[in-house]
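K.L.:
Data file target_24.tsv (TSV, C-alpha atoms and all ligand atoms) is appended below.
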chain	number	residue	atom	x	y	z
A	1	MET	CA	-83.02	-17.10	12.62
A	2	THR	CA	-80.39	-17.00	15.34
A	3	LYS	CA	-78.29	-13.88	15.13
A	4	SER	CA	-74.64	-14.11	16.10
A	5	ASN	CA	-73.30	-12.24	19.06
A	6	GLU	CA	-70.94	-9.30	18.37
A	7	SER	CA	-68.64	-10.45	21.14
A	8	GLY	CA	-68.84	-14.08	20.16
A	9	PHE	CA	-66.15	-16.62	19.34
A	10	THR	CA	-63.74	-16.39	16.43
A	11	ASP	CA	-63.17	-19.55	14.42
A	12	VAL	CA	-59.76	-19.10	12.79
A	13	HIS	CA	-59.77	-22.43	10.93
A	14	CYS	CA	-62.53	-24.10	8.96
A	15	HIS	CA	-63.39	-25.63	5.61
A	16	LEU	CA	-66.91	-24.33	5.15
A	17	LEU	CA	-66.50	-22.53	1.85
A	18	PRO	CA	-68.51	-24.60	-0.64
A	19	ALA	CA	-66.84	-26.90	-3.14
A	20	VAL	CA	-63.27	-25.62	-2.87
A	21	ASP	CA	-61.71	-28.48	-0.88
A	22	ASP	CA	-62.84	-31.50	1.19
A	23	GLY	CA	-65.06	-29.33	3.38
A	24	ALA	CA	-68.61	-28.19	2.62
A	25	ALA	CA	-69.74	-30.00	-0.52
A	26	ASP	CA	-72.10	-27.31	-1.74
A	27	GLY	CA	-73.78	-24.04	-0.83
A	28	GLY	CA	-76.58	-25.78	1.06
A	29	SER	CA	-74.15	-27.62	3.31
A	30	ALA	CA	-72.11	-24.45	3.87
A	31	ARG	CA	-75.19	-22.44	4.81
A	32	GLU	CA	-76.38	-25.16	7.19
A	33	GLN	CA	-73.03	-25.18	8.95
A	34	ILE	CA	-72.83	-21.43	9.18
A	35	GLY	CA	-76.23	-21.58	10.88
A	36	ILE	CA	-74.79	-24.10	13.36
A	37	ALA	CA	-71.80	-21.81	14.00
A	38	ALA	CA	-74.00	-18.74	14.56
A	39	ALA	CA	-76.29	-20.67	16.92
A	40	ASP	CA	-73.21	-21.75	18.89
A	41	GLY	CA	-72.13	-18.15	19.45
A	42	ILE	CA	-69.47	-17.81	16.75
A	43	SER	CA	-69.38	-14.28	15.35
A	44	ARG	CA	-66.24	-14.30	13.19
A	45	ILE	CA	-65.26	-17.08	10.79
A	46	PHE	CA	-62.07	-17.51	8.80
A	47	PHE	CA	-62.48	-19.75	5.78
A	48	THR	CA	-59.18	-21.55	5.34
A	49	PRO	CA	-59.35	-23.79	2.25
A	50	HIS	CA	-56.52	-26.30	1.86
A	51	VAL	CA	-53.46	-25.36	-0.14
A	52	ARG	CA	-52.27	-28.87	-0.95
A	53	SER	CA	-52.80	-31.64	-3.47
A	54	PRO	CA	-55.32	-32.31	-5.03
A	55	TRP	CA	-56.56	-28.70	-4.87
A	56	LEU	CA	-53.44	-26.96	-6.12
A	57	ARG	CA	-54.86	-26.35	-9.60
A	58	ARG	CA	-57.96	-24.65	-8.25
A	59	PRO	CA	-57.69	-21.00	-9.25
A	60	TRP	CA	-57.98	-18.50	-6.40
A	61	SER	CA	-60.48	-16.55	-8.46
A	62	GLU	CA	-62.96	-19.45	-7.87
A	63	VAL	CA	-62.34	-19.36	-4.14
A	64	GLU	CA	-62.72	-15.59	-4.03
A	65	GLU	CA	-65.97	-15.83	-5.98
A	66	ALA	CA	-67.34	-18.48	-3.57
A	67	PHE	CA	-66.26	-16.29	-0.66
A	68	SER	CA	-67.94	-13.15	-1.94
A	69	GLN	CA	-71.19	-15.07	-2.60
A	70	MET	CA	-71.12	-16.49	0.91
A	71	ARG	CA	-70.42	-13.06	2.36
A	72	GLU	CA	-73.36	-11.59	0.47
A	73	TRP	CA	-75.70	-14.33	1.73
A	74	CYS	CA	-74.40	-14.02	5.27
A	75	ALA	CA	-74.89	-10.25	5.39
A	76	GLU	CA	-78.62	-10.92	4.91
A	77	ALA	CA	-79.04	-14.09	6.97
A	78	TYR	CA	-76.66	-13.36	9.85
A	79	PRO	CA	-75.83	-9.64	9.88
A	80	GLY	CA	-73.74	-9.95	13.05
A	81	LEU	CA	-71.49	-12.65	11.60
A	82	LYS	CA	-68.27	-11.52	9.95
A	83	LEU	CA	-66.47	-13.66	7.38
A	84	TYR	CA	-62.79	-13.59	6.42
A	85	LEU	CA	-60.63	-15.44	3.94
A	86	GLY	CA	-57.30	-17.19	4.49
A	87	SER	CA	-55.91	-20.61	3.65
A	88	GLU	CA	-54.39	-23.64	5.32
A	89	PHE	CA	-50.98	-24.16	3.76
A	90	ALA	CA	-49.69	-27.73	3.93
A	91	PHE	CA	-46.03	-26.82	4.08
A	92	SER	CA	-44.24	-27.35	0.79
A	93	GLU	CA	-40.85	-25.84	0.15
A	94	SER	CA	-41.46	-25.77	-3.60
A	95	ILE	CA	-44.78	-23.93	-3.33
A	96	LEU	CA	-43.30	-21.43	-0.90
A	97	ARG	CA	-40.39	-20.71	-3.23
A	98	GLU	CA	-41.77	-21.27	-6.71
A	99	GLU	CA	-45.53	-20.75	-6.51
A	100	PRO	CA	-46.16	-18.29	-3.67
A	101	GLU	CA	-49.28	-17.04	-5.47
A	102	LYS	CA	-51.02	-20.26	-4.38
A	103	ILE	CA	-50.79	-19.20	-0.72
A	104	ARG	CA	-53.19	-16.80	1.03
A	105	ASP	CA	-52.43	-15.34	4.43
A	106	MET	CA	-55.20	-14.64	6.91
A	107	ASN	CA	-57.13	-11.65	5.62
A	108	GLY	CA	-54.00	-9.84	4.48
A	109	SER	CA	-52.58	-9.86	8.02
A	110	GLY	CA	-49.24	-11.36	7.01
A	111	ILE	CA	-50.04	-14.35	9.24
A	112	LEU	CA	-50.14	-17.73	7.51
A	113	LEU	CA	-51.91	-20.83	8.84
A	114	VAL	CA	-49.47	-23.70	8.24
A	115	GLU	CA	-50.11	-27.41	8.68
A	116	PHE	CA	-47.86	-30.46	8.66
A	117	LYS	CA	-48.31	-34.19	8.37
A	118	PRO	CA	-49.08	-35.95	11.67
A	119	ARG	CA	-45.76	-37.85	11.59
A	120	ASP	CA	-43.47	-35.05	10.45
A	121	SER	CA	-40.44	-34.70	12.68
A	122	PHE	CA	-40.00	-31.81	15.09
A	123	GLU	CA	-36.87	-30.75	13.20
A	124	ARG	CA	-38.87	-30.50	9.98
A	125	ILE	CA	-41.60	-28.43	11.63
A	126	VAL	CA	-39.08	-26.03	13.17
A	127	ASN	CA	-37.11	-25.72	9.95
A	128	ALA	CA	-40.25	-25.19	7.87
A	129	CYS	CA	-41.64	-22.53	10.22
A	130	GLN	CA	-38.34	-20.68	9.91
A	131	GLN	CA	-38.51	-20.89	6.11
A	132	VAL	CA	-42.03	-19.44	6.15
A	133	GLN	CA	-40.85	-16.65	8.44
A	134	MET	CA	-37.93	-15.93	6.10
A	135	ALA	CA	-40.43	-15.69	3.25
A	136	GLY	CA	-41.99	-12.78	5.14
A	137	TYR	CA	-44.91	-14.34	7.03
A	138	ASP	CA	-45.72	-14.83	10.67
A	139	VAL	CA	-46.71	-18.44	11.31
A	140	LEU	CA	-49.87	-19.74	12.95
A	141	LEU	CA	-49.25	-23.47	13.47
A	142	ALA	CA	-52.47	-25.36	12.64
A	143	HIS	CA	-53.81	-27.87	15.20
A	144	ALA	CA	-50.53	-28.29	17.08
A	145	GLU	CA	-52.05	-31.16	19.08
A	146	ARG	CA	-52.22	-33.38	16.02
A	147	TYR	CA	-48.48	-33.88	15.51
A	148	ASP	CA	-46.91	-36.99	17.01
A	149	CYS	CA	-43.61	-35.23	17.67
A	150	MET	CA	-45.34	-32.68	19.89
A	151	LEU	CA	-47.24	-35.32	21.83
A	152	GLU	CA	-44.03	-37.30	22.44
A	153	LYS	CA	-42.41	-34.27	24.08
A	154	PRO	CA	-45.04	-31.69	25.06
A	155	GLU	CA	-42.34	-29.25	26.18
A	156	ARG	CA	-41.52	-28.75	22.49
A	157	ALA	CA	-44.43	-26.30	22.45
A	158	ARG	CA	-42.20	-23.91	24.42
A	159	ARG	CA	-39.59	-24.04	21.64
A	160	ILE	CA	-42.31	-23.31	19.06
A	161	ALA	CA	-43.41	-20.27	21.06
A	162	GLU	CA	-39.79	-19.11	21.40
A	163	LEU	CA	-39.54	-19.08	17.61
A	164	GLY	CA	-42.32	-16.52	17.53
A	165	VAL	CA	-44.74	-19.04	16.04
A	166	SER	CA	-48.36	-18.81	17.23
A	167	ILE	CA	-50.22	-21.99	18.08
A	168	GLN	CA	-53.76	-22.90	16.97
A	169	ILE	CA	-55.69	-25.77	18.56
A	170	ASN	CA	-58.88	-27.54	17.46
A	171	CYS	CA	-62.02	-27.32	19.58
A	172	ASP	CA	-63.04	-30.94	19.10
A	173	ASP	CA	-59.65	-32.08	20.40
A	174	ILE	CA	-60.25	-30.04	23.56
A	175	VAL	CA	-63.67	-31.65	24.00
A	176	ARG	CA	-62.63	-35.18	22.96
A	177	PRO	CA	-58.83	-35.54	23.04
A	178	ALA	CA	-57.69	-38.57	21.05
A	179	GLY	CA	-55.76	-40.39	23.74
A	180	PHE	CA	-53.58	-39.71	26.76
A	181	GLY	CA	-50.76	-38.06	24.81
A	182	MET	CA	-53.01	-35.45	23.26
A	183	LYS	CA	-54.69	-34.74	26.58
A	184	ARG	CA	-51.32	-34.29	28.30
A	185	PHE	CA	-50.10	-31.97	25.54
A	186	LEU	CA	-53.25	-29.84	25.59
A	187	LYS	CA	-53.05	-29.55	29.36
A	188	LEU	CA	-49.52	-28.17	29.11
A	189	LEU	CA	-50.51	-25.75	26.34
A	190	LEU	CA	-53.42	-24.43	28.35
A	191	LYS	CA	-51.69	-24.36	31.72
A	192	GLU	CA	-48.77	-22.35	30.33
A	193	HIS	CA	-51.01	-20.25	28.04
A	194	LEU	CA	-49.00	-21.42	25.03
A	195	ALA	CA	-52.00	-21.87	22.73
A	196	ASP	CA	-52.88	-18.63	20.97
A	197	MET	CA	-56.03	-19.23	18.94
A	198	ALA	CA	-58.80	-21.81	18.70
A	199	GLY	CA	-60.51	-23.07	15.60
A	200	THR	CA	-63.03	-25.72	14.69
A	201	ASP	CA	-61.32	-27.11	11.57
A	202	ALA	CA	-64.92	-27.91	10.64
A	203	HIS	CA	-65.45	-29.84	7.43
A	204	ASP	CA	-69.09	-30.87	7.70
A	205	ALA	CA	-71.98	-31.05	10.14
A	206	LYS	CA	-70.98	-34.53	11.36
A	207	HIS	CA	-67.23	-34.47	11.76
A	208	ARG	CA	-65.74	-31.52	13.58
A	209	ARG	CA	-68.83	-29.38	13.59
A	210	PRO	CA	-68.34	-25.60	13.64
A	211	GLU	CA	-68.85	-25.31	17.40
A	212	MET	CA	-66.69	-23.63	20.03
A	213	LYS	CA	-68.87	-23.09	23.09
A	214	LYS	CA	-68.21	-26.44	24.76
A	215	ALA	CA	-64.44	-26.15	24.30
A	216	TYR	CA	-64.54	-22.58	25.61
A	217	GLY	CA	-66.31	-23.80	28.76
A	218	ILE	CA	-63.66	-26.48	29.34
A	219	VAL	CA	-60.77	-24.03	28.90
A	220	LYS	CA	-62.41	-21.43	31.13
A	221	LYS	CA	-62.85	-24.01	33.88
A	222	TYR	CA	-59.34	-25.44	33.51
A	223	THR	CA	-57.58	-22.05	33.26
A	224	ASP	CA	-59.37	-18.75	33.77
A	225	GLU	CA	-61.87	-16.55	31.98
A	226	GLU	CA	-59.30	-13.99	30.83
A	227	TYR	CA	-57.22	-16.58	28.99
A	228	ALA	CA	-60.30	-18.30	27.55
A	229	GLU	CA	-61.46	-14.95	26.16
A	230	GLN	CA	-58.06	-14.39	24.56
A	231	LEU	CA	-57.86	-17.88	23.08
A	232	PHE	CA	-61.39	-18.00	21.68
A	233	LYS	CA	-61.97	-14.35	20.87
A	234	THR	CA	-59.55	-11.46	21.20
A	235	ASN	CA	-56.22	-12.92	20.11
A	236	ALA	CA	-57.76	-13.22	16.64
A	237	ASP	CA	-58.32	-9.45	16.45
A	238	ILE	CA	-54.93	-9.13	14.78
A	239	LEU	CA	-56.12	-11.40	11.95
A	240	CYS	CA	-59.41	-9.56	11.57
A	241	LYS	CA	-57.72	-6.17	11.32
A	242	GLY	CA	-55.70	-7.61	8.45
A	243	LYS	CA	-55.25	-5.16	5.64
A	244	GLU	CA	-56.60	-2.20	7.60
A	245	ASP	CA	-53.31	-1.88	9.52
B	1	FE	FE	-57.88	-27.80	8.40
Show this structure as structure tokens.
P.N.:
Amino acid sequence: MTKSNESGFTDVHCHLLPAVDDGAADGGSAREQIGIAAADGISRIFFTPHVRSPWLRRPWSEVEEAFSQMREWCAEAYPGLKLYLGSEFAFSESILREEPEKIRDMNGSGILLVEFKPRDSFERIVNACQQVQMAGYDVLLAHAERYDCMLEKPERARRIAELGVSIQINCDDIVRPAGFGMKRFLKLLLKEHLADMAGTDAHDAKHRRPEMKKAYGIVKKYTDEEYAEQLFKTNADILCKGKED
């Protein structure tokens, strides 16, 4: 079996925990995809199950149980691979205020992965990020390249960074950007080092596979090795340290 590399990539966003959202359907699928990730050089994986309808009634105890089973299996099969738990919070003012127990930050780090709808306005995204910050979290904006308002005016990424919000981008969008607007936006993010962390957002072995190596190679070539290392590996250290700090 391929063992993961200690200094490998960190995937900060994926849906590979079995049967907790629209990601891996069962344990077999999850294990297959973790094998793909390990073979690709990924050594740290954050499971980020959706916090949005229709999974809002799913108790966290089920997710935690699935996570601990996966961790146990992984310790045997891929001893060099480290697993962490977080969530992907589809911003909802009512959940943030009235049901905060539904939200999980990244490994107790106080950093919350937050997603929006592709057509949400820039004003809504800014306002929502500020609400999340006021609730006591730091924000990691999920797949920033998938929001129309950002693609319309790529310079808006600078405003996001000024707010103290970190930016996550998806590897498959780096490899296969969906159109000119996304390509232009990603170029600006990379050129100005505005993207902070990369993730696969993997759901299954066909769509958005848990692979980072190809995207890393593109970023390294387009920018420089130091930034590529930060984006794909070391910037995520703060999430991995989590509760220890
Ligand atoms: Fe996701």
K.L.:
Could you give me, as a VMD selection string, every polymer residue with an atom at most 8 Å away from an atom of ligand FE 1 (chain B), counting only C-alpha atoms and all ligand atoms?
P.N.:
chain A and resid 13 to 15 48 to 50 88 115 142 to 143 201 to 203
K.L.:
Residues within 9 Å of Asn235 (chain A), please, as a list of chain:residue names. Count all atoms listed in the file; anything in the same chain fewer than 4 positions from it doesn't count.
P.N.:
A:Asp196, A:Met197, A:Glu229, A:Gln230, A:Leu231, A:Leu239
K.L.:
In Å to one decimal, how far is CA of Gly108 (chain A) from CA of Lys243 (chain A)?
P.N.:
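Between CA of Lys243 (chain A) and CA of Gly108 (chain A) the gap is 5.0 Å.
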K.L.:
Point out the residue among A:Lys117, A:Ile238, A:Gly179, A:Lys191 with the least atom-to-atom distance to Asp138 (chain A), counting all atoms listed in the file.
P.N.:
A:Ile238
K.L.:
Write out as a VMD selection string each polymer residue whose atoms come within 12 Å of Lys153 (chain A), counting all atoms listed in the file; drop sequence neighbours fewer than 4 positions from it.
P.N.:
chain A and resid 121 to 122 145 147 to 149 157 to 159 181 to 182 184 to 186 188 to 189
K.L.:
What are the centre and edge lengths in Å, to one decimal, of the axis-aligned box around all listed atoms of region 139-157 of chain A with 3 Å added on each side, as AutoDock Vina command-line options?
P.N.:
--center_x -47.7 --center_y -27.9 --center_z 18.7 --size_x 18.3 --size_y 24.9 --size_z 20.9
